[in-house]
Amino acid sequence: MNDPIYLDHNATTPLRPEVLDAMLPYLQRHFGNPSSGHAYGQRAKAGVERARAQVAALIGASPSEIIFTSGGTEANNLAIRGAAALTERRALVTSAVEHPATREPARWLKARGWSVTALAVDADGRVSPDSAALIGGETGLVTVMHANNETGTLQPVAELAAAARLHGALSHTDAAQSIGKVPVSVDALGVDLLSLAGHKLYAPKGVGALYVRDGVALPPLLLGAGHEGGIRPGTENVAAIAGLGAACQLAAEGMTAGAARLIALRDRLHRRLSAAIPDLRLNGHPSLRLPNTLNVRFPGVSGNAVLAGAPEVAASTGSACHDHGESPSAVLLAQGLSPAEALGAVRLTLGHDTTEALVDAAADALIRSYSERAG
């Protein structure tokens, strides 16, 4: 049996060959500890610092503002819980459609006396920029994701970060899904903290980074030696960090052409599905959306049933981190969908290796499966 067509790139991405090539020297010859003063250690340290510069360049930061972590979840926790320790204020502003890696730290703060305001989203899954009015003098931190992992909808992070700064609050965004797919500039967004995850942009799992704006003295969550500026102790995962750096450089070099190609393929898939299923509906913003993401709901049939009937396609009904069978997506419920409507959702996310032929074959399989179940 051939491998199914992979349309779940928002869950994770395959390792690009160039990324593996960048990692191999640090798994073999350059195995030293980057904290060691001898040649082996200094070669490893040079690899870490090269990667730090590559990550920084992708988001318009300084290398000194990049802290390597084990992934997006650790970066989010370090940002949210660390920022909370810097202020006497006790109010957090977030959104109703956050990933669990943000939602759970927010819940942790609430259990410790913080008030948590979850900004509502509209029918397209987008926070209104007018929601900035809910940020005030009691707000200690604003954390709103840059792009939703299920629908791809882009959030007005710059407007919210500007309001946070106006009121003396810090701002953070989880950019795990947007990094490498759309241009991201920390200065354009105006955020103080930004999280990214390697495995969302063709780097390995188990590595990520946190941008910490110069002047923000973020305390560590873990205690140990002084690695990563004292913010994230522990010997660095040098090979994975080198892979993350290479992935960021590849993203910077190919983003414009890659995004245009993905939009064309994504829209081709949408057209083919809609032509055969007239009542198919888009979940997410029609234009302010990641170029690779198509979340649609099939009328009268569950998304799980559609996918089960199309084994040629590897996709999901929602986030890989909270996709637990026949339960409606909290993100789609927040957009105003009924539970029955939300259960019809399928998330189709394209990637670097997706072709027209694969899109067409996937569309045929999904249409066949839907027709068998709706008929």
# chains A, B, ... in the order shown; residues from 1 in each chain; ligands from 1
call {"tool": "closest_atom_pairs", "arguments": {"of": "range 73-152 of chain A", "to": "range 220-236 of chain A", "cutoff": "9 Å", "atoms": "only C-alpha atoms", "output": "Markdown table"}}
result
| residue | atom | partner | partner_atom | distance |
| --- | --- | --- | --- | --- |
| A:Asn77 | CA | A:Leu221 | CA | 8.4 |
| A:Leu78 | CA | A:Leu221 | CA | 6.3 |
| A:Arg81 | CA | A:Leu221 | CA | 7.9 |
| A:Gly82 | CA | A:Pro220 | CA | 6.8 |
call {"tool": "write_last_selection", "arguments": {"atoms": "C-alpha atoms", "output": "PDB file, in the first residue's frame"}}
result
ATOM      1  CA  ASN A  77       5.040  28.488  29.461  1.00  0.00           C
ATOM      2  CA  LEU A  78       8.322  30.318  29.851  1.00  0.00           C
ATOM      3  CA  ARG A  81       4.514  32.266  33.556  1.00  0.00           C
ATOM      4  CA  GLY A  82       7.778  34.197  33.366  1.00  0.00           C
TER       5      GLY A  82
END
call {"tool": "residues_around", "arguments": {"residues": "range 368-373 of chain A", "least_positions_apart": "6", "cutoff": "10 Å", "atoms": "only C-alpha atoms", "output": "list in words"}}
result
Ala276, Ile277, Phe298, Pro299, Gly300, Val301, Ser302, Gly303, Ala305, Val306, Leu307, Ala308, Gly309, Ala310, Pro311 and Ala362 of chain A
call {"tool": "write_last_selection", "arguments": {"atoms": "N, CA and C atoms", "output": "mmCIF file, in the first residue's frame"}}
result
data_model
loop_
_atom_site.group_PDB
_atom_site.id
_atom_site.type_symbol
_atom_site.label_atom_id
_atom_site.label_comp_id
_atom_site.auth_asym_id
_atom_site.auth_seq_id
_atom_site.Cartn_x
_atom_site.Cartn_y
_atom_site.Cartn_z
ATOM 1 N N ALA A 276 -18.225 19.721 -6.005
ATOM 2 C CA ALA A 276 -18.908 18.441 -5.823
ATOM 3 C C ALA A 276 -19.841 18.444 -4.619
ATOM 4 N N ILE A 277 -19.576 19.341 -3.656
ATOM 5 C CA ILE A 277 -20.366 19.394 -2.417
ATOM 6 C C ILE A 277 -20.795 20.844 -2.222
ATOM 7 N N PHE A 298 -18.231 19.437 6.338
ATOM 8 C CA PHE A 298 -19.062 18.637 5.446
ATOM 9 C C PHE A 298 -20.478 18.575 6.014
ATOM 10 N N PRO A 299 -21.493 18.891 5.218
ATOM 11 C CA PRO A 299 -22.859 18.938 5.744
ATOM 12 C C PRO A 299 -23.422 17.557 6.043
ATOM 13 N N GLY A 300 -23.923 17.406 7.276
ATOM 14 C CA GLY A 300 -24.657 16.204 7.633
ATOM 15 C C GLY A 300 -23.834 14.964 7.889
ATOM 16 N N VAL A 301 -22.512 15.080 7.852
ATOM 17 C CA VAL A 301 -21.619 13.936 8.050
ATOM 18 C C VAL A 301 -20.459 14.387 8.934
ATOM 19 N N SER A 302 -20.022 13.529 9.837
ATOM 20 C CA SER A 302 -18.906 13.924 10.685
ATOM 21 C C SER A 302 -17.596 13.908 9.900
ATOM 22 N N GLY A 303 -16.709 14.802 10.279
ATOM 23 C CA GLY A 303 -15.399 14.836 9.631
ATOM 24 C C GLY A 303 -14.629 13.550 9.832
ATOM 25 N N ALA A 305 -15.865 10.605 10.026
ATOM 26 C CA ALA A 305 -16.402 9.599 9.110
ATOM 27 C C ALA A 305 -15.873 9.816 7.696
ATOM 28 N N VAL A 306 -15.789 11.064 7.278
ATOM 29 C CA VAL A 306 -15.250 11.358 5.954
ATOM 30 C C VAL A 306 -13.808 10.875 5.846
ATOM 31 N N LEU A 307 -12.998 11.156 6.854
ATOM 32 C CA LEU A 307 -11.597 10.744 6.815
ATOM 33 C C LEU A 307 -11.459 9.228 6.904
ATOM 34 N N ALA A 308 -12.322 8.592 7.704
ATOM 35 C CA ALA A 308 -12.258 7.135 7.807
ATOM 36 C C ALA A 308 -12.561 6.467 6.472
ATOM 37 N N GLY A 309 -13.415 7.108 5.671
ATOM 38 C CA GLY A 309 -13.758 6.557 4.367
ATOM 39 C C GLY A 309 -12.804 6.943 3.264
ATOM 40 N N ALA A 310 -11.776 7.711 3.615
ATOM 41 C CA ALA A 310 -10.781 8.129 2.623
ATOM 42 C C ALA A 310 -9.383 7.836 3.164
ATOM 43 N N PRO A 311 -9.038 6.560 3.290
ATOM 44 C CA PRO A 311 -7.729 6.211 3.860
ATOM 45 C C PRO A 311 -6.563 6.679 3.010
ATOM 46 N N ALA A 362 -6.478 13.719 -3.545
ATOM 47 C CA ALA A 362 -7.090 13.869 -2.226
ATOM 48 C C ALA A 362 -8.531 14.344 -2.346
#
call {"tool": "closest_residue", "arguments": {"among": "A:Leu218, A:Ile80, A:Leu294, A:Ala345", "to": "Gly318 in chain A", "atoms": "only C-alpha atoms"}}
result
A:Ala345
call {"tool": "closest_atom_pairs", "arguments": {"of": "range 202-272 of chain A", "to": "range 179-192 of chain A", "cutoff": "9 Å", "atoms": "only C-alpha atoms", "output": "JSON lines"}}
result
{"residue": "A:Tyr211", "atom": "CA", "partner": "A:Asp192", "partner_atom": "CA", "distance": 7.7}
{"residue": "A:Val212", "atom": "CA", "partner": "A:Asp192", "partner_atom": "CA", "distance": 6.1}
{"residue": "A:Arg213", "atom": "CA", "partner": "A:Asp192", "partner_atom": "CA", "distance": 5.0}
{"residue": "A:Asp214", "atom": "CA", "partner": "A:Asp192", "partner_atom": "CA", "distance": 8.4}
{"residue": "A:Val216", "atom": "CA", "partner": "A:Asp192", "partner_atom": "CA", "distance": 7.4}
{"residue": "A:Ala247", "atom": "CA", "partner": "A:Gly180", "partner_atom": "CA", "distance": 8.4}
{"residue": "A:Cys248", "atom": "CA", "partner": "A:Gly180", "partner_atom": "CA", "distance": 6.9}
{"residue": "A:Leu250", "atom": "CA", "partner": "A:Gly180", "partner_atom": "CA", "distance": 8.5}
{"residue": "A:Ala251", "atom": "CA", "partner": "A:Gly180", "partner_atom": "CA", "distance": 4.9}
{"residue": "A:Ala252", "atom": "CA", "partner": "A:Gly180", "partner_atom": "CA", "distance": 7.0}
{"residue": "A:Gly254", "atom": "CA", "partner": "A:Gly180", "partner_atom": "CA", "distance": 8.9}
{"residue": "A:Met255", "atom": "CA", "partner": "A:Lys181", "partner_atom": "CA", "distance": 6.4}
{"residue": "A:Thr256", "atom": "CA", "partner": "A:Val182", "partner_atom": "CA", "distance": 8.1}
{"residue": "A:Gly258", "atom": "CA", "partner": "A:Lys181", "partner_atom": "CA", "distance": 7.9}
{"residue": "A:Ala259", "atom": "CA", "partner": "A:Lys181", "partner_atom": "CA", "distance": 6.4}
call {"tool": "residues_around", "arguments": {"residues": "range 143-156 of chain A", "least_positions_apart": "2", "cutoff": "7 Å", "atoms": "only C-alpha atoms", "output": "PyMOL selection string"}}
result
chain A and resi 10+93-95+98+125-127+129+141+158-160+171-175+177-178+283-285+288-290+293-295+318-319+347
call {"tool": "write_last_selection", "arguments": {"atoms": "C-alpha atoms", "output": "PDB file, in the first residue's frame"}}
result
ATOM      1  CA  ASN A  10      -0.189  21.967  10.817  1.00  0.00           C
ATOM      2  CA  VAL A  93      -5.973  39.002  28.324  1.00  0.00           C
ATOM      3  CA  THR A  94      -5.978  36.126  25.845  1.00  0.00           C
ATOM      4  CA  SER A  95      -8.351  34.763  23.181  1.00  0.00           C
ATOM      5  CA  GLU A  98      -5.810  29.525  21.917  1.00  0.00           C
ATOM      6  CA  GLY A 125     -12.492  32.970  14.027  1.00  0.00           C
ATOM      7  CA  ARG A 126     -10.868  36.389  14.324  1.00  0.00           C
ATOM      8  CA  VAL A 127     -10.584  38.612  17.372  1.00  0.00           C
ATOM      9  CA  PRO A 129      -9.180  44.779  16.828  1.00  0.00           C
ATOM     10  CA  LEU A 141       0.072  40.361  30.068  1.00  0.00           C
ATOM     11  CA  ALA A 158      -0.095  44.222  16.335  1.00  0.00           C
ATOM     12  CA  GLU A 159      -3.188  46.155  17.461  1.00  0.00           C
ATOM     13  CA  LEU A 160      -3.440  44.177  20.705  1.00  0.00           C
ATOM     14  CA  SER A 171       2.591  41.127  25.141  1.00  0.00           C
ATOM     15  CA  HIS A 172       3.237  37.624  23.842  1.00  0.00           C
ATOM     16  CA  THR A 173       2.175  35.714  20.751  1.00  0.00           C
ATOM     17  CA  ASP A 174       2.319  32.023  19.957  1.00  0.00           C
ATOM     18  CA  ALA A 175       3.575  32.115  16.363  1.00  0.00           C
ATOM     19  CA  GLN A 177       1.833  28.035  13.070  1.00  0.00           C
ATOM     20  CA  SER A 178       2.699  31.250  11.235  1.00  0.00           C
ATOM     21  CA  ASN A 283     -14.203  27.515   8.675  1.00  0.00           C
ATOM     22  CA  GLY A 284     -11.870  30.489   8.969  1.00  0.00           C
ATOM     23  CA  HIS A 285     -11.239  33.855   7.415  1.00  0.00           C
ATOM     24  CA  LEU A 288      -6.601  36.630   6.480  1.00  0.00           C
ATOM     25  CA  ARG A 289      -5.525  33.024   6.728  1.00  0.00           C
ATOM     26  CA  LEU A 290      -2.407  30.900   6.462  1.00  0.00           C
ATOM     27  CA  THR A 293      -4.693  25.874   5.604  1.00  0.00           C
ATOM     28  CA  LEU A 294      -8.165  24.761   4.504  1.00  0.00           C
ATOM     29  CA  ASN A 295     -10.650  23.901   7.245  1.00  0.00           C
ATOM     30  CA  GLY A 318      -8.589  19.584  14.434  1.00  0.00           C
ATOM     31  CA  SER A 319      -5.439  20.111  16.452  1.00  0.00           C
ATOM     32  CA  ARG A 347      -8.579  20.354   8.536  1.00  0.00           C
TER      33      ARG A 347
END
call {"tool": "select_by_dssp", "arguments": {"residues": "range 260-342 of chain A", "states": "alpha helix (DSSP H)", "output": "ChimeraX atom specification"}}
result
/A:260-276,303-308,330-334,339-342
call {"tool": "write_last_selection", "arguments": {"atoms": "N, CA and C atoms", "output": "compact mmCIF listing (two decimals), in the first residue's frame"}}
result
# COMPACT_ATOMS: atom_id res chain seq x y z
N ALA A 260 2.76 31.64 -2.34
CA ALA A 260 1.93 31.75 -3.55
C ALA A 260 1.56 30.38 -4.09
N ARG A 261 2.51 29.47 -4.07
CA ARG A 261 2.26 28.11 -4.56
C ARG A 261 1.22 27.41 -3.68
N LEU A 262 1.35 27.56 -2.36
CA LEU A 262 0.42 26.90 -1.44
C LEU A 262 -0.98 27.48 -1.55
N ILE A 263 -1.09 28.79 -1.71
CA ILE A 263 -2.41 29.40 -1.87
C ILE A 263 -3.10 28.84 -3.11
N ALA A 264 -2.36 28.72 -4.20
CA ALA A 264 -2.94 28.19 -5.43
C ALA A 264 -3.42 26.76 -5.23
N LEU A 265 -2.63 25.95 -4.56
CA LEU A 265 -3.01 24.56 -4.32
C LEU A 265 -4.18 24.46 -3.33
N ARG A 266 -4.11 25.24 -2.28
CA ARG A 266 -5.18 25.25 -1.28
C ARG A 266 -6.51 25.63 -1.92
N ASP A 267 -6.49 26.68 -2.73
CA ASP A 267 -7.73 27.13 -3.36
C ASP A 267 -8.21 26.15 -4.43
N ARG A 268 -7.28 25.47 -5.09
CA ARG A 268 -7.67 24.43 -6.04
C ARG A 268 -8.42 23.31 -5.31
N LEU A 269 -7.90 22.89 -4.17
CA LEU A 269 -8.55 21.86 -3.38
C LEU A 269 -9.94 22.31 -2.94
N HIS A 270 -10.03 23.55 -2.50
CA HIS A 270 -11.32 24.09 -2.05
C HIS A 270 -12.33 24.12 -3.20
N ARG A 271 -11.89 24.56 -4.37
CA ARG A 271 -12.80 24.63 -5.52
C ARG A 271 -13.31 23.24 -5.90
N ARG A 272 -12.43 22.27 -5.92
CA ARG A 272 -12.84 20.92 -6.31
C ARG A 272 -13.84 20.35 -5.32
N LEU A 273 -13.59 20.53 -4.04
CA LEU A 273 -14.52 20.03 -3.02
C LEU A 273 -15.86 20.75 -3.11
N SER A 274 -15.82 22.07 -3.26
CA SER A 274 -17.06 22.86 -3.30
C SER A 274 -17.89 22.55 -4.54
N ALA A 275 -17.24 22.27 -5.66
CA ALA A 275 -17.97 21.96 -6.89
C ALA A 275 -18.77 20.68 -6.74
N ALA A 276 -18.22 19.72 -6.01
CA ALA A 276 -18.91 18.44 -5.82
C ALA A 276 -19.84 18.44 -4.62
N GLY A 303 -16.71 14.80 10.28
CA GLY A 303 -15.40 14.84 9.63
C GLY A 303 -14.63 13.55 9.83
N ASN A 304 -14.76 12.96 11.02
CA ASN A 304 -14.08 11.68 11.26
C ASN A 304 -14.56 10.60 10.31
N ALA A 305 -15.87 10.60 10.03
CA ALA A 305 -16.40 9.60 9.11
C ALA A 305 -15.87 9.82 7.70
N VAL A 306 -15.79 11.06 7.28
CA VAL A 306 -15.25 11.36 5.95
C VAL A 306 -13.81 10.88 5.85
N LEU A 307 -13.00 11.16 6.85
CA LEU A 307 -11.60 10.74 6.81
C LEU A 307 -11.46 9.23 6.90
N ALA A 308 -12.32 8.59 7.70
CA ALA A 308 -12.26 7.13 7.81
C ALA A 308 -12.56 6.47 6.47
N ALA A 330 -13.38 23.15 20.18
CA ALA A 330 -13.66 24.34 20.97
C ALA A 330 -13.44 25.61 20.15
N VAL A 331 -12.50 25.55 19.21
CA VAL A 331 -12.24 26.71 18.34
C VAL A 331 -13.47 27.00 17.48
N LEU A 332 -14.06 25.97 16.90
CA LEU A 332 -15.22 26.16 16.03
C LEU A 332 -16.47 26.53 16.84
N LEU A 333 -16.59 26.00 18.02
CA LEU A 333 -17.71 26.40 18.88
C LEU A 333 -17.59 27.88 19.24
N ALA A 334 -16.37 28.35 19.47
CA ALA A 334 -16.16 29.76 19.79
C ALA A 334 -16.52 30.66 18.62
N PRO A 339 -22.62 22.31 17.84
CA PRO A 339 -21.81 21.09 17.95
C PRO A 339 -21.92 20.20 16.73
N ALA A 340 -23.11 20.08 16.16
CA ALA A 340 -23.28 19.23 14.98
C ALA A 340 -22.51 19.77 13.80
N GLU A 341 -22.53 21.08 13.61
CA GLU A 341 -21.76 21.69 12.52
C GLU A 341 -20.27 21.48 12.73
N ALA A 342 -19.82 21.71 13.97
CA ALA A 342 -18.39 21.59 14.26
C ALA A 342 -17.89 20.17 14.04
call {"tool": "select_by_dssp", "arguments": {"residues": "range 103-322 of chain A", "states": "strand (DSSP E or B)", "output": "ChimeraX atom specification"}}
result
/A:115-119,121,127,139-143,147,153-154,170-174,179,182,193-197,208-212,281-282,289,293-297,313-314,316
call {"tool": "closest_residue", "arguments": {"among": "A:Gln42, A:Thr102, A:Ser195, A:Asn33", "to": "Ile67 in chain A", "atoms": "only C-alpha atoms"}}
result
A:Ser195
call {"tool": "closest_residue", "arguments": {"among": "A:Ala163, A:Leu92, A:Ala197, A:Ala257", "to": "Arg107 in chain A", "atoms": "only C-alpha atoms"}}
result
A:Leu92
call {"tool": "atom_distance", "arguments": {"atom1": "CA of Ala363 in chain A", "atom2": "CA of Leu343 in chain A"}}
result
19.5 Å
call {"tool": "closest_atom_pairs", "arguments": {"of": "range 167-283 of chain A", "to": "range 48-51 of chain A", "cutoff": "7 Å", "atoms": "only C-alpha atoms", "output": "tab-separated table"}}
result
residue	atom	partner	partner_atom	distance
A:Val238	CA	A:Val48	CA	6.1
A:Ile241	CA	A:Val48	CA	6.3
A:Ala242	CA	A:Ala51	CA	5.4
A:Leu244	CA	A:Ala51	CA	6.9
A:Gly245	CA	A:Ala51	CA	4.0
A:Ala246	CA	A:Ala51	CA	7.0
